[in-house]
file run.csv (CSV, C-alpha atoms)
chain,number,residue,atom,x,y,z
A,29,MET,CA,17.4,-25.7,14.4
A,30,LYS,CA,14.3,-24.0,15.7
A,31,GLN,CA,14.8,-21.0,13.3
A,32,LEU,CA,15.3,-23.5,10.4
A,33,LEU,CA,12.1,-25.3,11.2
A,34,GLN,CA,10.2,-22.0,11.1
A,35,GLN,CA,11.8,-21.2,7.8
A,36,ILE,CA,10.9,-24.6,6.4
A,37,GLU,CA,7.2,-24.1,7.4
A,38,PHE,CA,7.3,-20.7,5.6
A,39,ILE,CA,8.8,-22.3,2.5
A,40,LYS,CA,6.1,-25.0,2.5
A,41,GLU,CA,3.3,-22.4,3.0
A,42,ILE,CA,4.3,-20.2,0.1
A,43,ASP,CA,4.0,-23.1,-2.3
A,44,LYS,CA,0.3,-22.1,-2.3
A,45,ILE,CA,1.2,-19.1,-4.5
A,46,LYS,CA,1.5,-21.6,-7.4
A,47,TYR,CA,-2.3,-21.9,-7.4
A,48,ILE,CA,-3.1,-18.2,-7.4
A,49,LEU,CA,-4.1,-17.4,-11.0
A,50,ARG,CA,-3.7,-14.0,-12.5
A,51,ARG,CA,-6.0,-12.6,-15.2
A,52,THR,CA,-3.2,-12.3,-17.8
A,53,LYS,CA,-2.2,-15.2,-20.0
A,54,LEU,CA,1.2,-16.5,-20.9
A,55,ILE,CA,2.9,-15.1,-24.1
A,56,ASN,CA,1.0,-16.3,-27.2
A,57,SER,CA,-1.2,-18.5,-25.0
A,58,ASN,CA,-4.6,-19.0,-23.7
A,59,ARG,CA,-3.3,-20.4,-20.3
A,60,ARG,CA,-3.5,-18.0,-17.3
A,61,GLU,CA,-0.3,-17.3,-15.5
A,62,ASN,CA,0.1,-18.0,-11.8
A,63,ASP,CA,1.8,-15.8,-9.2
A,64,ALA,CA,4.9,-18.0,-8.9
A,65,GLU,CA,5.5,-17.9,-12.7
A,66,HIS,CA,4.9,-14.2,-12.7
A,67,SER,CA,7.3,-13.5,-9.8
A,68,TRP,CA,10.0,-15.7,-11.4
A,69,HIS,CA,9.6,-13.8,-14.7
A,70,LEU,CA,9.9,-10.4,-13.0
A,71,ALA,CA,13.0,-11.5,-11.1
A,72,VAL,CA,14.8,-12.5,-14.3
A,73,MET,CA,13.6,-9.2,-15.9
A,74,ALA,CA,15.2,-7.4,-13.0
A,75,MET,CA,18.5,-9.2,-13.6
A,76,ILE,CA,18.4,-8.4,-17.3
A,77,LEU,CA,16.9,-4.9,-17.3
A,78,ALA,CA,18.3,-3.2,-14.2
A,79,GLU,CA,20.9,-1.4,-16.3
A,80,HIS,CA,18.0,0.7,-17.8
A,81,ALA,CA,16.8,2.2,-14.6
A,82,ASN,CA,17.3,6.0,-14.6
A,83,GLU,CA,18.8,5.9,-11.1
A,84,PRO,CA,21.1,3.1,-9.9
A,85,VAL,CA,19.2,0.4,-8.2
A,86,ASP,CA,20.3,-2.3,-5.8
A,87,VAL,CA,19.5,-5.3,-8.0
A,88,LEU,CA,19.3,-7.8,-5.1
A,89,LYS,CA,16.7,-5.6,-3.4
A,90,VAL,CA,14.6,-5.3,-6.6
A,91,ILE,CA,14.8,-9.1,-7.0
A,92,LYS,CA,13.8,-9.8,-3.4
A,93,MET,CA,10.9,-7.4,-3.8
A,94,VAL,CA,9.5,-9.0,-6.9
A,95,LEU,CA,10.0,-12.5,-5.6
A,96,ILE,CA,7.8,-11.8,-2.6
A,97,HIS,CA,5.5,-9.0,-3.8
A,98,ASP,CA,2.5,-11.3,-4.4
A,99,ILE,CA,2.8,-13.7,-1.5
A,100,VAL,CA,0.0,-11.8,0.3
A,101,GLU,CA,-2.3,-13.1,-2.5
A,102,ILE,CA,-2.2,-16.5,-0.9
A,103,ASP,CA,-4.7,-15.0,1.6
A,104,THR,CA,-6.3,-12.3,-0.5
A,105,GLY,CA,-6.5,-13.9,-3.9
A,106,ASP,CA,-5.3,-12.2,-7.1
A,107,ILE,CA,-5.8,-8.4,-7.0
A,108,PHE,CA,-6.5,-7.4,-10.6
A,109,MET,CA,-5.2,-4.1,-11.9
A,110,PHE,CA,-8.4,-3.3,-13.6
A,111,ASP,CA,-10.8,-4.4,-10.8
A,112,THR,CA,-12.7,-1.3,-10.0
A,113,THR,CA,-14.3,-2.6,-6.9
A,114,ARG,CA,-11.2,-3.1,-4.8
A,115,SER,CA,-8.4,-0.8,-3.7
A,116,HIS,CA,-4.9,-1.9,-4.7
A,117,THR,CA,-2.7,-0.3,-2.2
A,118,ASN,CA,-2.1,-1.7,1.2
A,119,THR,CA,-5.6,-2.6,2.2
A,120,ASP,CA,-6.1,-4.0,5.7
A,121,GLU,CA,-6.7,-7.4,4.1
A,122,GLU,CA,-3.2,-7.3,2.5
A,123,ARG,CA,-1.5,-6.1,5.6
A,124,LYS,CA,-3.1,-8.8,7.6
A,125,ALA,CA,-1.9,-11.4,5.1
A,126,ALA,CA,1.6,-10.0,5.0
A,127,ARG,CA,1.8,-10.2,8.8
A,128,ARG,CA,0.4,-13.7,9.0
A,129,ILE,CA,2.6,-15.2,6.2
A,130,PHE,CA,5.9,-13.3,6.7
A,131,GLY,CA,5.3,-13.6,10.5
A,132,MET,CA,5.9,-17.4,10.2
A,133,LEU,CA,9.6,-16.6,9.8
A,134,PRO,CA,12.1,-15.8,12.6
A,135,THR,CA,11.5,-12.3,13.8
A,136,ALA,CA,14.4,-10.4,12.1
A,137,GLN,CA,13.6,-12.1,8.7
A,138,ALA,CA,9.9,-11.5,9.1
A,139,GLU,CA,10.6,-7.8,9.7
A,140,GLU,CA,12.9,-7.6,6.7
A,141,LEU,CA,10.3,-9.2,4.3
A,142,LEU,CA,7.5,-7.1,5.7
A,143,ALA,CA,9.5,-3.9,5.2
A,144,LEU,CA,10.5,-5.0,1.6
A,145,TRP,CA,6.8,-5.6,0.8
A,146,GLU,CA,5.8,-2.2,2.3
A,147,GLU,CA,8.5,-0.5,0.4
A,148,PHE,CA,7.3,-2.1,-2.9
A,149,GLU,CA,3.7,-1.1,-2.2
A,150,ALA,CA,4.7,2.5,-1.4
A,151,ALA,CA,6.6,2.7,-4.7
A,152,GLU,CA,8.8,5.5,-3.5
A,153,SER,CA,12.4,4.2,-3.4
A,154,ASN,CA,14.3,3.7,-6.7
A,155,GLU,CA,14.1,-0.1,-6.2
A,156,ALA,CA,10.4,-0.1,-5.6
A,157,ARG,CA,9.7,2.1,-8.6
A,158,PHE,CA,11.8,-0.1,-10.8
A,159,ALA,CA,10.1,-3.3,-9.5
A,160,LYS,CA,6.7,-1.6,-10.2
A,161,ALA,CA,7.8,-0.8,-13.7
A,162,LEU,CA,8.6,-4.5,-14.3
A,163,ASP,CA,5.2,-5.5,-12.8
A,164,ARG,CA,3.6,-3.2,-15.4
A,165,LEU,CA,5.7,-4.3,-18.4
A,166,GLU,CA,5.2,-8.1,-18.1
A,167,PRO,CA,1.4,-8.0,-18.6
A,168,LEU,CA,1.9,-5.4,-21.4
A,169,LEU,CA,4.1,-7.9,-23.3
A,170,GLN,CA,1.5,-10.7,-22.6
A,171,ASN,CA,-1.5,-8.7,-23.8
A,172,ALA,CA,0.4,-7.5,-26.9
A,173,SER,CA,1.1,-11.1,-27.8
A,174,ASN,CA,-2.4,-12.3,-27.1
A,175,GLU,CA,-4.5,-10.0,-29.4
A,176,GLY,CA,-5.3,-7.7,-26.5
A,177,GLY,CA,-5.7,-10.4,-23.8
A,178,THR,CA,-7.2,-8.8,-20.7
A,179,TRP,CA,-7.8,-5.4,-22.5
A,180,ASP,CA,-10.3,-7.2,-24.7
A,181,GLU,CA,-11.7,-9.4,-22.0
A,182,TYR,CA,-12.2,-6.6,-19.5
A,183,ASP,CA,-12.9,-3.8,-21.9
A,184,VAL,CA,-9.8,-1.8,-21.0
A,185,LYS,CA,-9.3,1.1,-23.4
A,186,TYR,CA,-6.2,3.0,-24.4
A,187,ASP,CA,-6.5,5.8,-21.9
A,188,ARG,CA,-6.7,3.5,-18.9
A,189,GLU,CA,-3.9,1.3,-20.1
A,190,TYR,CA,-1.7,4.3,-20.9
A,191,ARG,CA,-2.2,5.7,-17.4
A,192,VAL,CA,-1.3,2.4,-15.8
A,193,GLN,CA,1.8,1.9,-17.9
A,194,GLN,CA,3.0,5.4,-17.5
A,195,GLN,CA,4.3,4.4,-14.1
A,196,ILE,CA,7.2,2.8,-16.0
A,197,ALA,CA,8.3,6.4,-16.8
A,198,ASP,CA,8.9,7.0,-13.1
A,199,SER,CA,11.9,4.7,-13.1
A,200,SER,CA,13.2,4.2,-16.7
A,201,ASP,CA,13.0,6.5,-19.7
A,202,LEU,CA,14.2,3.7,-22.0
A,203,LEU,CA,11.7,1.1,-20.8
A,204,TRP,CA,8.9,3.7,-21.0
A,205,CYS,CA,10.0,4.7,-24.6
A,206,TYR,CA,9.7,1.0,-25.5
A,207,ALA,CA,6.4,0.5,-23.7
A,208,GLU,CA,4.8,3.7,-25.1
A,209,GLN,CA,5.7,2.5,-28.6
A,210,LEU,CA,4.3,-0.9,-28.0
A,211,ILE,CA,1.0,0.6,-26.7
A,212,ASN,CA,0.8,2.7,-29.8
A,213,ASP,CA,1.5,-0.4,-32.0
A,214,CYS,CA,-1.3,-2.2,-30.3
A,215,VAL,CA,-3.7,0.6,-31.0
A,216,GLU,CA,-2.6,0.6,-34.7
A,217,GLN,CA,-3.2,-3.2,-34.8
A,218,GLY,CA,-6.6,-2.6,-33.4
A,219,ILE,CA,-6.1,-4.8,-30.3
A,220,LEU,CA,-6.2,-1.8,-27.9
A,221,LYS,CA,-9.2,0.5,-28.5
A,222,LYS,CA,-9.0,4.3,-28.2
B,22,MET,CA,17.4,0.6,-27.9
B,23,LYS,CA,18.9,-2.2,-29.9
B,24,GLN,CA,20.1,-3.9,-26.8
B,25,LEU,CA,16.7,-3.5,-25.1
B,26,LEU,CA,15.0,-5.1,-28.1
B,27,GLN,CA,17.3,-8.2,-27.8
B,28,GLN,CA,16.6,-8.3,-24.1
B,29,ILE,CA,12.8,-8.2,-24.7
B,30,GLU,CA,13.1,-11.1,-27.2
B,31,PHE,CA,14.9,-13.1,-24.5
B,32,ILE,CA,12.3,-12.2,-21.9
B,33,LYS,CA,9.5,-13.5,-24.2
B,34,GLU,CA,11.5,-16.6,-25.2
B,35,ILE,CA,12.0,-17.8,-21.6
B,36,ASP,CA,8.2,-17.6,-21.0
B,37,LYS,CA,8.4,-21.2,-22.4
B,38,ILE,CA,9.9,-22.5,-19.2
B,39,LYS,CA,6.4,-22.2,-17.7
B,40,TYR,CA,5.4,-25.2,-19.8
B,41,ILE,CA,8.3,-27.5,-18.8
B,42,LEU,CA,6.9,-29.9,-16.3
B,43,ARG,CA,9.0,-31.6,-13.7
B,44,ARG,CA,8.3,-35.0,-12.3
B,45,THR,CA,7.8,-33.8,-8.8
B,46,LYS,CA,4.5,-32.5,-7.6
B,47,LEU,CA,3.6,-29.4,-5.5
B,48,ILE,CA,3.4,-29.7,-1.7
B,49,ASN,CA,0.5,-31.9,-0.7
B,50,SER,CA,-0.6,-32.1,-4.3
B,51,ASN,CA,-1.1,-34.2,-7.3
B,52,ARG,CA,-0.2,-31.3,-9.7
B,53,ARG,CA,3.2,-31.4,-11.3
B,54,GLU,CA,5.5,-28.4,-10.8
B,55,ASN,CA,6.8,-26.5,-13.8
B,56,ASP,CA,10.3,-25.0,-14.1
B,57,ALA,CA,9.3,-21.4,-13.5
B,58,GLU,CA,7.5,-22.3,-10.3
B,59,HIS,CA,10.5,-24.4,-9.2
B,60,SER,CA,13.0,-21.7,-10.0
B,61,TRP,CA,10.9,-19.1,-8.1
B,62,HIS,CA,10.8,-21.4,-5.1
B,63,LEU,CA,14.5,-22.0,-5.0
B,64,ALA,CA,15.1,-18.2,-5.3
B,65,VAL,CA,13.0,-17.5,-2.3
B,66,MET,CA,14.7,-20.4,-0.4
B,67,ALA,CA,18.1,-18.8,-1.3
B,68,MET,CA,16.9,-15.5,0.3
B,69,ILE,CA,15.7,-17.2,3.4
B,70,LEU,CA,18.2,-20.0,4.0
B,71,ALA,CA,21.5,-18.4,2.8
B,72,GLU,CA,22.5,-17.8,6.5
B,73,HIS,CA,22.8,-21.6,6.9
B,74,ALA,CA,25.6,-22.0,4.3
B,75,ASN,CA,28.8,-23.2,5.9
B,76,GLU,CA,30.9,-20.7,3.9
B,77,PRO,CA,29.6,-17.2,3.3
B,78,VAL,CA,27.8,-17.0,-0.1
B,79,ASP,CA,27.0,-14.1,-2.4
B,80,VAL,CA,23.2,-14.2,-2.2
B,81,LEU,CA,22.6,-12.3,-5.4
B,82,LYS,CA,24.8,-14.8,-7.3
B,83,VAL,CA,23.0,-17.8,-5.8
B,84,ILE,CA,19.6,-16.3,-6.7
B,85,LYS,CA,20.7,-15.5,-10.2
B,86,MET,CA,21.9,-19.1,-10.6
B,87,VAL,CA,18.7,-20.7,-9.4
B,88,LEU,CA,16.6,-18.3,-11.5
B,89,ILE,CA,18.3,-19.3,-14.7
B,90,HIS,CA,19.5,-22.9,-13.9
B,91,ASP,CA,16.7,-24.6,-15.8
B,92,ILE,CA,16.3,-22.3,-18.8
B,93,VAL,CA,18.2,-24.8,-21.0
B,94,GLU,CA,15.3,-27.2,-20.5
B,95,ILE,CA,13.2,-25.1,-22.9
B,96,ASP,CA,15.2,-26.9,-25.6
B,97,THR,CA,16.2,-30.2,-23.8
B,98,GLY,CA,13.0,-30.8,-21.8
B,99,ASP,CA,13.0,-31.7,-18.1
B,100,ILE,CA,16.1,-33.6,-17.1
B,101,PHE,CA,14.9,-35.9,-14.3
B,102,MET,CA,17.3,-36.7,-11.4
B,103,PHE,CA,16.5,-40.4,-11.5
B,104,ASP,CA,16.5,-40.9,-15.3
B,105,THR,CA,19.1,-43.6,-15.8
B,106,THR,CA,19.3,-43.2,-19.5
B,107,ARG,CA,20.6,-39.6,-19.7
B,108,SER,CA,23.6,-37.8,-18.4
B,109,HIS,CA,22.9,-34.9,-16.1
B,110,THR,CA,26.0,-32.8,-16.3
B,111,ASN,CA,26.7,-30.5,-19.2
B,112,THR,CA,25.8,-32.7,-22.1
B,113,ASP,CA,26.3,-31.2,-25.5
B,114,GLU,CA,22.6,-30.8,-25.8
B,115,GLU,CA,22.4,-28.6,-22.8
B,116,ARG,CA,25.4,-26.5,-23.8
B,117,LYS,CA,23.9,-26.0,-27.2
B,118,ALA,CA,20.6,-24.9,-25.6
B,119,ALA,CA,22.5,-22.5,-23.2
B,120,ARG,CA,24.3,-21.0,-26.1
B,121,ARG,CA,21.2,-20.6,-28.2
B,122,ILE,CA,19.0,-19.1,-25.4
B,123,PHE,CA,21.5,-17.0,-23.4
B,124,GLY,CA,23.0,-16.0,-26.8
B,125,MET,CA,19.8,-14.0,-27.6
B,126,LEU,CA,21.0,-11.4,-25.1
B,127,PRO,CA,23.6,-8.6,-25.8
B,128,THR,CA,27.1,-10.2,-25.7
B,129,ALA,CA,28.3,-9.2,-22.2
B,130,GLN,CA,25.0,-10.3,-20.6
B,131,ALA,CA,25.0,-13.6,-22.7
B,132,GLU,CA,28.5,-14.3,-21.4
B,133,GLU,CA,27.5,-13.5,-17.8
B,134,LEU,CA,24.5,-15.9,-17.8
B,135,LEU,CA,26.4,-18.7,-19.6
B,136,ALA,CA,29.2,-18.4,-17.1
B,137,LEU,CA,26.7,-18.5,-14.2
B,138,TRP,CA,25.0,-21.6,-15.7
B,139,GLU,CA,28.4,-23.3,-16.2
B,140,GLU,CA,29.3,-22.4,-12.6
B,141,PHE,CA,26.1,-23.9,-11.3
B,142,GLU,CA,26.6,-27.1,-13.3
B,143,ALA,CA,30.2,-27.5,-12.1
B,144,ALA,CA,29.0,-27.3,-8.5
B,145,GLU,CA,32.4,-26.2,-7.2
B,146,SER,CA,32.0,-22.6,-5.9
B,147,ASN,CA,30.3,-21.9,-2.6
B,148,GLU,CA,27.4,-20.3,-4.4
B,149,ALA,CA,27.0,-23.2,-6.9
B,150,ARG,CA,27.1,-25.8,-4.1
B,151,PHE,CA,24.5,-23.9,-2.1
B,152,ALA,CA,22.3,-23.5,-5.1
B,153,LYS,CA,22.6,-27.3,-5.8
B,154,ALA,CA,21.6,-28.0,-2.1
B,155,LEU,CA,18.4,-26.0,-2.6
B,156,ASP,CA,17.7,-27.8,-5.8
B,157,ARG,CA,17.9,-31.1,-3.8
B,158,LEU,CA,16.0,-29.9,-0.8
B,159,GLU,CA,12.8,-28.7,-2.6
B,160,PRO,CA,11.9,-32.0,-4.2
B,161,LEU,CA,12.7,-33.7,-0.8
B,162,LEU,CA,10.1,-31.5,0.8
B,163,GLN,CA,7.7,-32.2,-2.0
B,164,ASN,CA,8.1,-36.0,-1.9
B,165,ALA,CA,7.9,-36.1,1.9
B,166,SER,CA,4.5,-34.2,1.7
B,167,ASN,CA,3.2,-36.5,-1.1
B,168,GLU,CA,3.5,-39.9,0.5
B,169,GLY,CA,6.7,-40.6,-1.4
B,170,GLY,CA,5.8,-38.8,-4.7
B,171,THR,CA,8.5,-39.6,-7.3
B,172,TRP,CA,10.2,-42.1,-5.0
B,173,ASP,CA,7.1,-44.3,-5.2
B,174,GLU,CA,6.4,-43.5,-8.8
B,175,TYR,CA,9.9,-44.3,-10.1
B,176,ASP,CA,10.9,-46.9,-7.5
B,177,VAL,CA,13.6,-44.8,-5.9
B,178,LYS,CA,14.9,-46.4,-2.8
B,179,TYR,CA,16.6,-45.0,0.4
B,180,ASP,CA,20.2,-45.6,-0.8
B,181,ARG,CA,19.8,-43.7,-4.0
B,182,GLU,CA,17.9,-40.8,-2.5
B,183,TYR,CA,20.4,-40.6,0.4
B,184,ARG,CA,23.3,-40.4,-2.0
B,185,VAL,CA,21.6,-37.6,-4.0
B,186,GLN,CA,20.6,-35.6,-1.0
B,187,GLN,CA,24.0,-36.0,0.6
B,188,GLN,CA,25.1,-33.2,-1.8
B,189,ILE,CA,23.4,-30.8,0.7
B,190,ALA,CA,26.2,-31.6,3.2
B,191,ASP,CA,28.7,-30.1,0.8
B,192,SER,CA,27.4,-26.6,1.6
B,193,SER,CA,25.4,-26.7,4.8
B,194,ASP,CA,25.7,-28.8,7.9
B,195,LEU,CA,22.5,-27.5,9.3
B,196,LEU,CA,20.4,-28.1,6.1
B,197,TRP,CA,21.9,-31.6,5.8
B,198,CYS,CA,21.1,-32.3,9.4
B,199,TYR,CA,17.5,-31.4,8.7
B,200,ALA,CA,17.4,-33.3,5.4
B,201,GLU,CA,18.9,-36.5,6.8
B,202,GLN,CA,16.4,-36.4,9.6
B,203,LEU,CA,13.5,-36.0,7.1
B,204,ILE,CA,14.8,-38.9,5.0
B,205,ASN,CA,14.9,-41.1,8.1
B,206,ASP,CA,11.4,-40.0,9.0
B,207,CYS,CA,10.2,-40.9,5.5
B,208,VAL,CA,11.7,-44.4,5.9
B,209,GLU,CA,9.9,-44.7,9.3
B,210,GLN,CA,6.6,-43.7,7.8
B,211,GLY,CA,7.1,-46.3,5.1
B,212,ILE,CA,7.0,-43.8,2.2
B,213,LEU,CA,10.7,-44.3,1.3
B,214,LYS,CA,11.7,-48.0,1.1
B,215,LYS,CA,15.1,-49.3,2.3
call {"tool": "encode", "arguments": {"input": "run.csv", "output": "structure tokens"}}
result
Amino acid sequence: MKQLLQQIEFIKEIDKIKYILRRTKLINSNRRENDAEHSWHLAVMAMILAEHANEPVDVLKVIKMVLIHDIVEIDTGDIFMFDTTRSHTNTDEERKAARRIFGMLPTAQAEELLALWEEFEAAESNEARFAKALDRLEPLLQNASNEGGTWDEYDVKYDREYRVQQQIADSSDLLWCYAEQLINDCVEQGILKK
Amino acid sequence: MKQLLQQIEFIKEIDKIKYILRRTKLINSNRRENDAEHSWHLAVMAMILAEHANEPVDVLKVIKMVLIHDIVEIDTGDIFMFDTTRSHTNTDEERKAARRIFGMLPTAQAEELLALWEEFEAAESNEARFAKALDRLEPLLQNASNEGGTWDEYDVKYDREYRVQQQIADSSDLLWCYAEQLINDCVEQGILKK
């Protein structure tokens, strides 16, 4: 029962992710997405799209990664892709948050989740690269549906968006083929500026 | 590419689940939870709590089930546990919604998700019973944190809540031990009336 009580405290704590707002907005919408909604969407995308990864991926591992990848933002707040003032990879602040929040769990589980989060951040394993690809693709779909969305709002131009999205090519030729085409369509529609 | 385009349409369609509000409110909060947030929370709970299932469960299957279990509500709206005017199990309306929405996917995947949803609704397999237990436990944690929450709002008394929660005992003695104790604590605190 002691382990379960620790787990319940963690489950209650991570409820706070539902208040962490991202910059991107829902599909065809003016309402900003929160981290719980975003993580849910990536998890379903992992279920549906895993077959398109170039290398076989452990789907359970990808899903676990995307479900927990933003939990650190409970302490750090949303870390926006196009924020030029902040580093995006494993800052001390994020590591501290990961240790505090995952550390609420029984030791073995805390270590498992911390390792999963580190693996996602490192973006080296097949699973982490595929999870990162999904994390790029979702806001692309959102911005494309919202007349440019955060591209327009934060003056993000084609070159920068293309570089960010190109990470998809690290794990799936087919998803990258789709994403590249969508980026080009957005340029043609005038909602992503060259 | 044709398959991927179908999958992308599905991924965009299910964004709508983020607007489906449940009756229950977030932990220590007055803000109602939506189905995407709820499904995310159950998926993380499945990761964390699967070890407490009485019978071994396929964690990936449980997670898939909880991720998609409420997608039908895009068409039917939220189906509230204590709504006395509506059936809760596999109504024609829900089946129609499942066929429409999962049917947007390539055939094999559509069939897989429909079968998962049917299995969840039937609550017979170990995985489905465990998923149902999580679906009970989350609103219990929420109501306990919100001075009774929907119990107070919809005049739900101890007997009815106890019967609903008892479904947890079908899959986990330990989770039921915790839940039963929490229900009794809520009665003692006067936030759940006998």
call {"tool": "residues_around", "arguments": {"input": "run.csv", "residues": "Met132 of chain A", "least_positions_apart": "2", "cutoff": "6 Å", "atoms": "all atoms listed in the file", "output": "count of residues only"}}
result
3
call {"tool": "atom_distance", "arguments": {"input": "run.csv", "atom1": "atom CA of Arg53 of chain B", "atom2": "atom CA of Trp197 of chain B"}}
result
25.3 Å
call {"tool": "interface_residues", "arguments": {"input": "run.csv", "of": "chain A", "to": "chain B", "cutoff": "7 Å", "atoms": "all atoms listed in the file", "output": "PyMOL selection string"}}
result
chain A and resi 39-40+43+46+55+64-65+67-68+72-73+88+95
call {"tool": "write_last_selection", "arguments": {"input": "run.csv", "atoms": "C-alpha atoms", "output": "short mmCIF file (atom, residue, chain, number, x, y, z; two decimals), in the frame of the given file"}}
result
data_model
loop_
_atom_site.label_atom_id
_atom_site.label_comp_id
_atom_site.auth_asym_id
_atom_site.auth_seq_id
_atom_site.Cartn_x
_atom_site.Cartn_y
_atom_site.Cartn_z
CA ILE A 39 8.80 -22.30 2.50
CA LYS A 40 6.10 -25.00 2.50
CA ASP A 43 4.00 -23.10 -2.30
CA LYS A 46 1.50 -21.60 -7.40
CA ILE A 55 2.90 -15.10 -24.10
CA ALA A 64 4.90 -18.00 -8.90
CA GLU A 65 5.50 -17.90 -12.70
CA SER A 67 7.30 -13.50 -9.80
CA TRP A 68 10.00 -15.70 -11.40
CA VAL A 72 14.80 -12.50 -14.30
CA MET A 73 13.60 -9.20 -15.90
CA LEU A 88 19.30 -7.80 -5.10
CA LEU A 95 10.00 -12.50 -5.60
#
call {"tool": "atom_distance", "arguments": {"input": "run.csv", "atom1": "atom CA of Arg191 of chain A", "atom2": "atom CA of Ala151 of chain A"}}
result
15.7 Å
call {"tool": "closest_residue", "arguments": {"input": "run.csv", "among": "B:Ala152, B:Gln24, B:Gln187, B:Asp79", "to": "Thr128 of chain B", "atoms": "all atoms listed in the file"}}
result
B:Gln24
call {"tool": "residues_around", "arguments": {"input": "run.csv", "residues": "segment 210-218 of chain A", "least_positions_apart": "3", "cutoff": "10 Å", "atoms": "all atoms listed in the file", "output": "NGL selection string"}}
result
:A and (168-169 or 171-173 or 175-176 or 185-186 or 189-190 or 193 or 204-207 or 221-222)
call {"tool": "write_last_selection", "arguments": {"input": "run.csv", "atoms": "C-alpha atoms", "output": "PDB file, in the coordinates of the input"}}
result
ATOM      1  CA  LEU A 168       1.900  -5.400 -21.400  1.00  0.00           C
ATOM      2  CA  LEU A 169       4.100  -7.900 -23.300  1.00  0.00           C
ATOM      3  CA  ASN A 171      -1.500  -8.700 -23.800  1.00  0.00           C
ATOM      4  CA  ALA A 172       0.400  -7.500 -26.900  1.00  0.00           C
ATOM      5  CA  SER A 173       1.100 -11.100 -27.800  1.00  0.00           C
ATOM      6  CA  GLU A 175      -4.500 -10.000 -29.400  1.00  0.00           C
ATOM      7  CA  GLY A 176      -5.300  -7.700 -26.500  1.00  0.00           C
ATOM      8  CA  LYS A 185      -9.300   1.100 -23.400  1.00  0.00           C
ATOM      9  CA  TYR A 186      -6.200   3.000 -24.400  1.00  0.00           C
ATOM     10  CA  GLU A 189      -3.900   1.300 -20.100  1.00  0.00           C
ATOM     11  CA  TYR A 190      -1.700   4.300 -20.900  1.00  0.00           C
ATOM     12  CA  GLN A 193       1.800   1.900 -17.900  1.00  0.00           C
ATOM     13  CA  TRP A 204       8.900   3.700 -21.000  1.00  0.00           C
ATOM     14  CA  CYS A 205      10.000   4.700 -24.600  1.00  0.00           C
ATOM     15  CA  TYR A 206       9.700   1.000 -25.500  1.00  0.00           C
ATOM     16  CA  ALA A 207       6.400   0.500 -23.700  1.00  0.00           C
ATOM     17  CA  LYS A 221      -9.200   0.500 -28.500  1.00  0.00           C
ATOM     18  CA  LYS A 222      -9.000   4.300 -28.200  1.00  0.00           C
TER      19      LYS A 222
END
call {"tool": "closest_residue", "arguments": {"input": "run.csv", "among": "B:Leu135, B:Ala154, B:Leu213, B:Ala71", "to": "Val185 of chain B", "atoms": "only C-alpha atoms"}}
result
B:Ala154
call {"tool": "atom_distance", "arguments": {"input": "run.csv", "atom1": "atom CA of Thr171 of chain B", "atom2": "atom CA of Gln34 of chain A"}}
result
25.5 Å
call {"tool": "closest_residue", "arguments": {"input": "run.csv", "among": "B:Gly170, B:Asp194, B:Arg157, B:Arg150", "to": "Lys46 of chain B", "atoms": "only C-alpha atoms"}}
result
B:Gly170
